[in-house]
Amino acid sequence: MGTSFAEENLPETQSSDSQLASELDQHATDIRSIDRRYQDARTRLEESYIEERKALRESLMKRLGKRKKAHMEQGELDSAVTLRDHMERIGATEIVPPNRQSTKQTLSTVAGDKAILGTWRWNNGVDIKNLDHGQTNGAGTWRLIDPEKGTYEFRWKRIPPDRVSLSPNGRVLEGTKAHDPSFRVWAVRID
């Protein structure tokens, strides 16, 4: 009795399918292995980065502390207070690897995105549309800097940044220039 062409090729086809499945499984395993090695290396690199940044900060804080003490001993209290303020800001800065977003920024951006989106007419008569992800339709960016107070910072290309707070009804932004608290700025939602 003769065998058909299909029957003769059946074991070869099955073994070919089995071999293909085995190769695909091995490929997936290899990818998981590479991914795991990448994540482990990235974690080690980020930990090393953070430790080096902490060491740099600690070294700077010691030097600033000595200078602050010297200013205090010489009666230069203004300089000592300025150094103390710098030290507090440096100490409060979150150390985040370059390609990572601050956990504070991530949380505040999520909370603040929807409240600030839309078109606003600023006190200089310019209409600016705030877009997702801290962008505007003009030459500027925005970010939420204090979620509890609803304070935003707007950075512009050609003028100093603005620091404004969102009113409880979500219709008015009001504040000052970041570098000059006596210079008032505001914006009203127009959409």
# chains A, B, ... in the order shown; residues from 1 in each chain; ligands from 1
call {"tool": "residues_around", "arguments": {"residues": "range 61-70 of chain A", "least_positions_apart": "6", "cutoff": "8 Å", "atoms": "only C-alpha atoms", "output": "JSON, numbers by chain"}}
result
{"A": [79, 80, 81, 83, 84, 87]}
call {"tool": "residues_around", "arguments": {"residues": "Asn124 in chain A", "least_positions_apart": "4", "cutoff": "9 Å", "atoms": "only C-alpha atoms", "output": "VMD selection string"}}
result
chain A and resid 185 to 187
call {"tool": "closest_residue", "arguments": {"among": "A:Val172, A:Gly140, A:Ala41, A:Asn123", "to": "Ile159 in chain A", "atoms": "only C-alpha atoms"}}
result
A:Gly140
call {"tool": "residues_around", "arguments": {"residues": "Gln135 in chain A", "least_positions_apart": "2", "cutoff": "12 Å", "atoms": "only C-alpha atoms", "output": "PyMOL selection string"}}
result
chain A and resi 109+113+116-118+128-133+137-144+153-156
call {"tool": "select_by_dssp", "arguments": {"residues": "chain A", "states": "alpha helix (DSSP H)", "output": "MDAnalysis selection string"}}
result
chainID A and resid 5:73 77:92 103:116
call {"tool": "write_last_selection", "arguments": {"atoms": "C-alpha atoms", "output": "short mmCIF file (atom, residue, chain, number, x, y, z; two decimals), in the first residue's frame"}}
result
data_model
loop_
_atom_site.label_atom_id
_atom_site.label_comp_id
_atom_site.auth_asym_id
_atom_site.auth_seq_id
_atom_site.Cartn_x
_atom_site.Cartn_y
_atom_site.Cartn_z
CA PHE A 5 2.56 12.71 -0.22
CA ALA A 6 0.83 14.43 2.76
CA GLU A 7 1.35 11.43 5.00
CA GLU A 8 5.03 11.19 4.09
CA ASN A 9 5.57 14.86 5.00
CA LEU A 10 3.47 14.75 8.18
CA PRO A 11 6.25 13.85 10.63
CA GLU A 12 8.56 16.37 9.01
CA THR A 13 5.88 19.08 9.25
CA GLN A 14 5.16 18.22 12.86
CA SER A 15 8.82 18.26 13.75
CA SER A 16 9.19 21.55 11.84
CA ASP A 17 6.23 23.04 13.79
CA SER A 18 7.66 21.66 17.01
CA GLN A 19 11.07 23.09 16.19
CA LEU A 20 9.52 26.47 15.37
CA ALA A 21 7.59 26.49 18.67
CA SER A 22 10.78 25.55 20.51
CA GLU A 23 12.73 28.35 18.78
CA LEU A 24 9.99 30.88 19.59
CA ASP A 25 10.00 29.76 23.25
CA GLN A 26 13.79 30.05 23.38
CA HIS A 27 13.59 33.51 21.78
CA ALA A 28 11.09 34.65 24.42
CA THR A 29 13.30 33.23 27.18
CA ASP A 30 16.35 34.99 25.75
CA ILE A 31 14.47 38.30 25.61
CA ARG A 32 13.37 37.93 29.26
CA SER A 33 16.98 37.19 30.20
CA ILE A 34 18.27 40.26 28.37
CA ASP A 35 15.49 42.39 29.92
CA ARG A 36 16.40 41.12 33.40
CA ARG A 37 20.11 41.86 32.87
CA TYR A 38 19.23 45.33 31.56
CA GLN A 39 17.00 46.08 34.57
CA ASP A 40 19.65 44.79 37.00
CA ALA A 41 22.36 46.90 35.33
CA ARG A 42 20.09 49.96 35.27
CA THR A 43 19.24 49.51 38.95
CA ARG A 44 22.95 49.24 39.85
CA LEU A 45 23.75 52.31 37.74
CA GLU A 46 20.93 54.37 39.30
CA GLU A 47 21.99 53.33 42.82
CA SER A 48 25.58 54.31 42.02
CA TYR A 49 24.41 57.63 40.57
CA ILE A 50 22.32 58.42 43.65
CA GLU A 51 25.19 57.53 46.01
CA GLU A 52 27.62 59.75 44.07
CA ARG A 53 25.13 62.62 44.07
CA LYS A 54 24.62 62.20 47.83
CA ALA A 55 28.39 62.25 48.38
CA LEU A 56 28.72 65.42 46.27
CA ARG A 57 25.88 67.06 48.18
CA GLU A 58 27.37 66.06 51.54
CA SER A 59 30.76 67.47 50.55
CA LEU A 60 29.18 70.75 49.41
CA MET A 61 27.06 70.98 52.57
CA LYS A 62 30.18 70.60 54.75
CA ARG A 63 31.98 73.38 52.86
CA LEU A 64 28.92 75.64 53.02
CA GLY A 65 28.50 74.86 56.72
CA LYS A 66 32.07 75.97 57.43
CA ARG A 67 31.57 79.17 55.44
CA LYS A 68 28.28 79.85 57.24
CA LYS A 69 30.00 79.38 60.61
CA ALA A 70 32.81 81.74 59.57
CA HIS A 71 30.27 84.39 58.51
CA MET A 72 28.44 84.05 61.81
CA GLU A 73 31.68 84.37 63.81
CA LEU A 77 24.55 87.50 59.57
CA ASP A 78 23.05 88.33 56.15
CA SER A 79 25.65 86.16 54.43
CA ALA A 80 25.14 83.39 56.99
CA VAL A 81 21.37 83.46 56.45
CA THR A 82 21.82 83.38 52.66
CA LEU A 83 24.09 80.33 52.99
CA ARG A 84 21.61 78.67 55.35
CA ASP A 85 18.83 79.18 52.79
CA HIS A 86 20.99 77.68 50.04
CA MET A 87 21.80 74.72 52.28
CA GLU A 88 18.11 74.13 53.04
CA ARG A 89 17.22 74.18 49.34
CA ILE A 90 20.07 71.84 48.47
CA GLY A 91 19.14 69.48 51.31
CA ALA A 92 15.49 69.41 50.23
CA THR A 103 8.16 61.20 42.22
CA LYS A 104 6.94 64.57 43.50
CA GLN A 105 6.69 65.91 39.97
CA THR A 106 4.86 62.80 38.76
CA LEU A 107 2.25 63.05 41.52
CA SER A 108 1.79 66.80 41.16
CA THR A 109 1.57 66.67 37.37
CA VAL A 110 -1.18 64.07 37.50
CA ALA A 111 -3.13 66.11 40.05
CA GLY A 112 -2.62 69.44 38.29
CA ASP A 113 -2.98 68.60 34.61
CA LYS A 114 -6.74 68.85 34.28
CA ALA A 115 -7.17 71.96 36.43
CA ILE A 116 -4.89 74.13 34.33
#
call {"tool": "closest_residue", "arguments": {"among": "A:Arg121, A:Arg158, A:Lys149, A:Arg189", "to": "Gly170 in chain A", "atoms": "only C-alpha atoms"}}
result
A:Arg189
call {"tool": "select_by_dssp", "arguments": {"residues": "range 81-170 of chain A", "states": "strand (DSSP E)", "output": "ChimeraX atom specification"}}
result
/A:118-122,127-131,135-136,140-146,151-156,162-166
call {"tool": "write_last_selection", "arguments": {"atoms": "N, CA and C atoms", "output": "PDB file, in the first residue's frame"}}
result
ATOM      1  N   GLY A 118      -6.501  74.505  29.114  1.00  0.00           N
ATOM      2  CA  GLY A 118      -7.447  75.442  28.526  1.00  0.00           C
ATOM      3  C   GLY A 118      -6.785  76.742  28.144  1.00  0.00           C
ATOM      4  N   THR A 119      -7.587  77.687  27.676  1.00  0.00           N
ATOM      5  CA  THR A 119      -7.073  78.971  27.204  1.00  0.00           C
ATOM      6  C   THR A 119      -7.262  80.033  28.280  1.00  0.00           C
ATOM      7  N   TRP A 120      -6.223  80.808  28.505  1.00  0.00           N
ATOM      8  CA  TRP A 120      -6.195  81.840  29.539  1.00  0.00           C
ATOM      9  C   TRP A 120      -5.753  83.162  28.920  1.00  0.00           C
ATOM     10  N   ARG A 121      -6.420  84.246  29.296  1.00  0.00           N
ATOM     11  CA  ARG A 121      -6.009  85.587  28.867  1.00  0.00           C
ATOM     12  C   ARG A 121      -5.204  86.203  29.997  1.00  0.00           C
ATOM     13  N   TRP A 122      -3.929  86.494  29.710  1.00  0.00           N
ATOM     14  CA  TRP A 122      -3.028  87.048  30.708  1.00  0.00           C
ATOM     15  C   TRP A 122      -3.192  88.563  30.796  1.00  0.00           C
ATOM     16  N   ASP A 127      -3.397  85.672  24.851  1.00  0.00           N
ATOM     17  CA  ASP A 127      -4.122  84.431  25.137  1.00  0.00           C
ATOM     18  C   ASP A 127      -3.163  83.261  24.970  1.00  0.00           C
ATOM     19  N   ILE A 128      -3.072  82.443  26.008  1.00  0.00           N
ATOM     20  CA  ILE A 128      -2.187  81.275  26.006  1.00  0.00           C
ATOM     21  C   ILE A 128      -3.028  80.045  26.306  1.00  0.00           C
ATOM     22  N   LYS A 129      -2.853  79.019  25.496  1.00  0.00           N
ATOM     23  CA  LYS A 129      -3.542  77.749  25.738  1.00  0.00           C
ATOM     24  C   LYS A 129      -2.575  76.793  26.417  1.00  0.00           C
ATOM     25  N   ASN A 130      -2.971  76.334  27.609  1.00  0.00           N
ATOM     26  CA  ASN A 130      -2.173  75.358  28.339  1.00  0.00           C
ATOM     27  C   ASN A 130      -2.528  73.967  27.834  1.00  0.00           C
ATOM     28  N   LEU A 131      -1.513  73.259  27.381  1.00  0.00           N
ATOM     29  CA  LEU A 131      -1.680  71.928  26.814  1.00  0.00           C
ATOM     30  C   LEU A 131      -1.215  70.873  27.820  1.00  0.00           C
ATOM     31  N   GLN A 135       3.025  71.896  28.580  1.00  0.00           N
ATOM     32  CA  GLN A 135       3.331  72.700  27.399  1.00  0.00           C
ATOM     33  C   GLN A 135       2.261  73.767  27.190  1.00  0.00           C
ATOM     34  N   THR A 136       2.616  74.816  26.463  1.00  0.00           N
ATOM     35  CA  THR A 136       1.631  75.817  26.048  1.00  0.00           C
ATOM     36  C   THR A 136       1.706  75.928  24.527  1.00  0.00           C
ATOM     37  N   GLY A 140       6.325  78.753  25.861  1.00  0.00           N
ATOM     38  CA  GLY A 140       6.439  78.581  27.298  1.00  0.00           C
ATOM     39  C   GLY A 140       6.062  77.193  27.763  1.00  0.00           C
ATOM     40  N   THR A 141       6.339  76.965  29.047  1.00  0.00           N
ATOM     41  CA  THR A 141       5.974  75.702  29.702  1.00  0.00           C
ATOM     42  C   THR A 141       5.363  76.043  31.052  1.00  0.00           C
ATOM     43  N   TRP A 142       4.651  75.071  31.618  1.00  0.00           N
ATOM     44  CA  TRP A 142       4.081  75.253  32.945  1.00  0.00           C
ATOM     45  C   TRP A 142       4.291  73.991  33.750  1.00  0.00           C
ATOM     46  N   ARG A 143       4.301  74.146  35.085  1.00  0.00           N
ATOM     47  CA  ARG A 143       4.378  72.983  35.972  1.00  0.00           C
ATOM     48  C   ARG A 143       3.752  73.330  37.309  1.00  0.00           C
ATOM     49  N   LEU A 144       3.176  72.334  37.929  1.00  0.00           N
ATOM     50  CA  LEU A 144       2.593  72.489  39.255  1.00  0.00           C
ATOM     51  C   LEU A 144       3.719  72.382  40.264  1.00  0.00           C
ATOM     52  N   ILE A 145       3.917  73.409  41.077  1.00  0.00           N
ATOM     53  CA  ILE A 145       5.016  73.380  42.039  1.00  0.00           C
ATOM     54  C   ILE A 145       4.546  73.180  43.469  1.00  0.00           C
ATOM     55  N   ASP A 146       3.257  73.449  43.744  1.00  0.00           N
ATOM     56  CA  ASP A 146       2.716  73.208  45.082  1.00  0.00           C
ATOM     57  C   ASP A 146       1.269  72.736  44.950  1.00  0.00           C
ATOM     58  N   THR A 151      -0.316  76.085  43.216  1.00  0.00           N
ATOM     59  CA  THR A 151       0.624  77.058  42.669  1.00  0.00           C
ATOM     60  C   THR A 151       1.343  76.469  41.465  1.00  0.00           C
ATOM     61  N   TYR A 152       1.383  77.257  40.396  1.00  0.00           N
ATOM     62  CA  TYR A 152       2.010  76.852  39.142  1.00  0.00           C
ATOM     63  C   TYR A 152       3.134  77.815  38.810  1.00  0.00           C
ATOM     64  N   GLU A 153       4.106  77.301  38.091  1.00  0.00           N
ATOM     65  CA  GLU A 153       5.160  78.162  37.561  1.00  0.00           C
ATOM     66  C   GLU A 153       5.088  78.105  36.043  1.00  0.00           C
ATOM     67  N   PHE A 154       5.043  79.268  35.439  1.00  0.00           N
ATOM     68  CA  PHE A 154       5.048  79.395  33.978  1.00  0.00           C
ATOM     69  C   PHE A 154       6.406  79.961  33.577  1.00  0.00           C
ATOM     70  N   ARG A 155       7.080  79.261  32.686  1.00  0.00           N
ATOM     71  CA  ARG A 155       8.370  79.730  32.171  1.00  0.00           C
ATOM     72  C   ARG A 155       8.172  80.159  30.731  1.00  0.00           C
ATOM     73  N   TRP A 156       8.691  81.343  30.432  1.00  0.00           N
ATOM     74  CA  TRP A 156       8.557  81.923  29.098  1.00  0.00           C
ATOM     75  C   TRP A 156       9.930  82.057  28.467  1.00  0.00           C
ATOM     76  N   ASP A 162       6.609  83.272  35.796  1.00  0.00           N
ATOM     77  CA  ASP A 162       5.518  83.704  36.668  1.00  0.00           C
ATOM     78  C   ASP A 162       5.209  82.585  37.658  1.00  0.00           C
ATOM     79  N   ARG A 163       4.864  82.973  38.885  1.00  0.00           N
ATOM     80  CA  ARG A 163       4.378  82.024  39.887  1.00  0.00           C
ATOM     81  C   ARG A 163       2.971  82.451  40.239  1.00  0.00           C
ATOM     82  N   VAL A 164       2.002  81.582  39.926  1.00  0.00           N
ATOM     83  CA  VAL A 164       0.599  81.939  40.131  1.00  0.00           C
ATOM     84  C   VAL A 164      -0.135  80.806  40.823  1.00  0.00           C
ATOM     85  N   SER A 165      -1.209  81.169  41.509  1.00  0.00           N
ATOM     86  CA  SER A 165      -2.067  80.179  42.170  1.00  0.00           C
ATOM     87  C   SER A 165      -3.425  80.167  41.498  1.00  0.00           C
ATOM     88  N   LEU A 166      -3.997  78.990  41.402  1.00  0.00           N
ATOM     89  CA  LEU A 166      -5.313  78.809  40.806  1.00  0.00           C
ATOM     90  C   LEU A 166      -6.382  79.100  41.846  1.00  0.00           C
TER      91      LEU A 166
END
call {"tool": "atom_distance", "arguments": {"atom1": "CA of Gly175 in chain A", "atom2": "CA of Glu94 in chain A"}}
result
25.6 Å
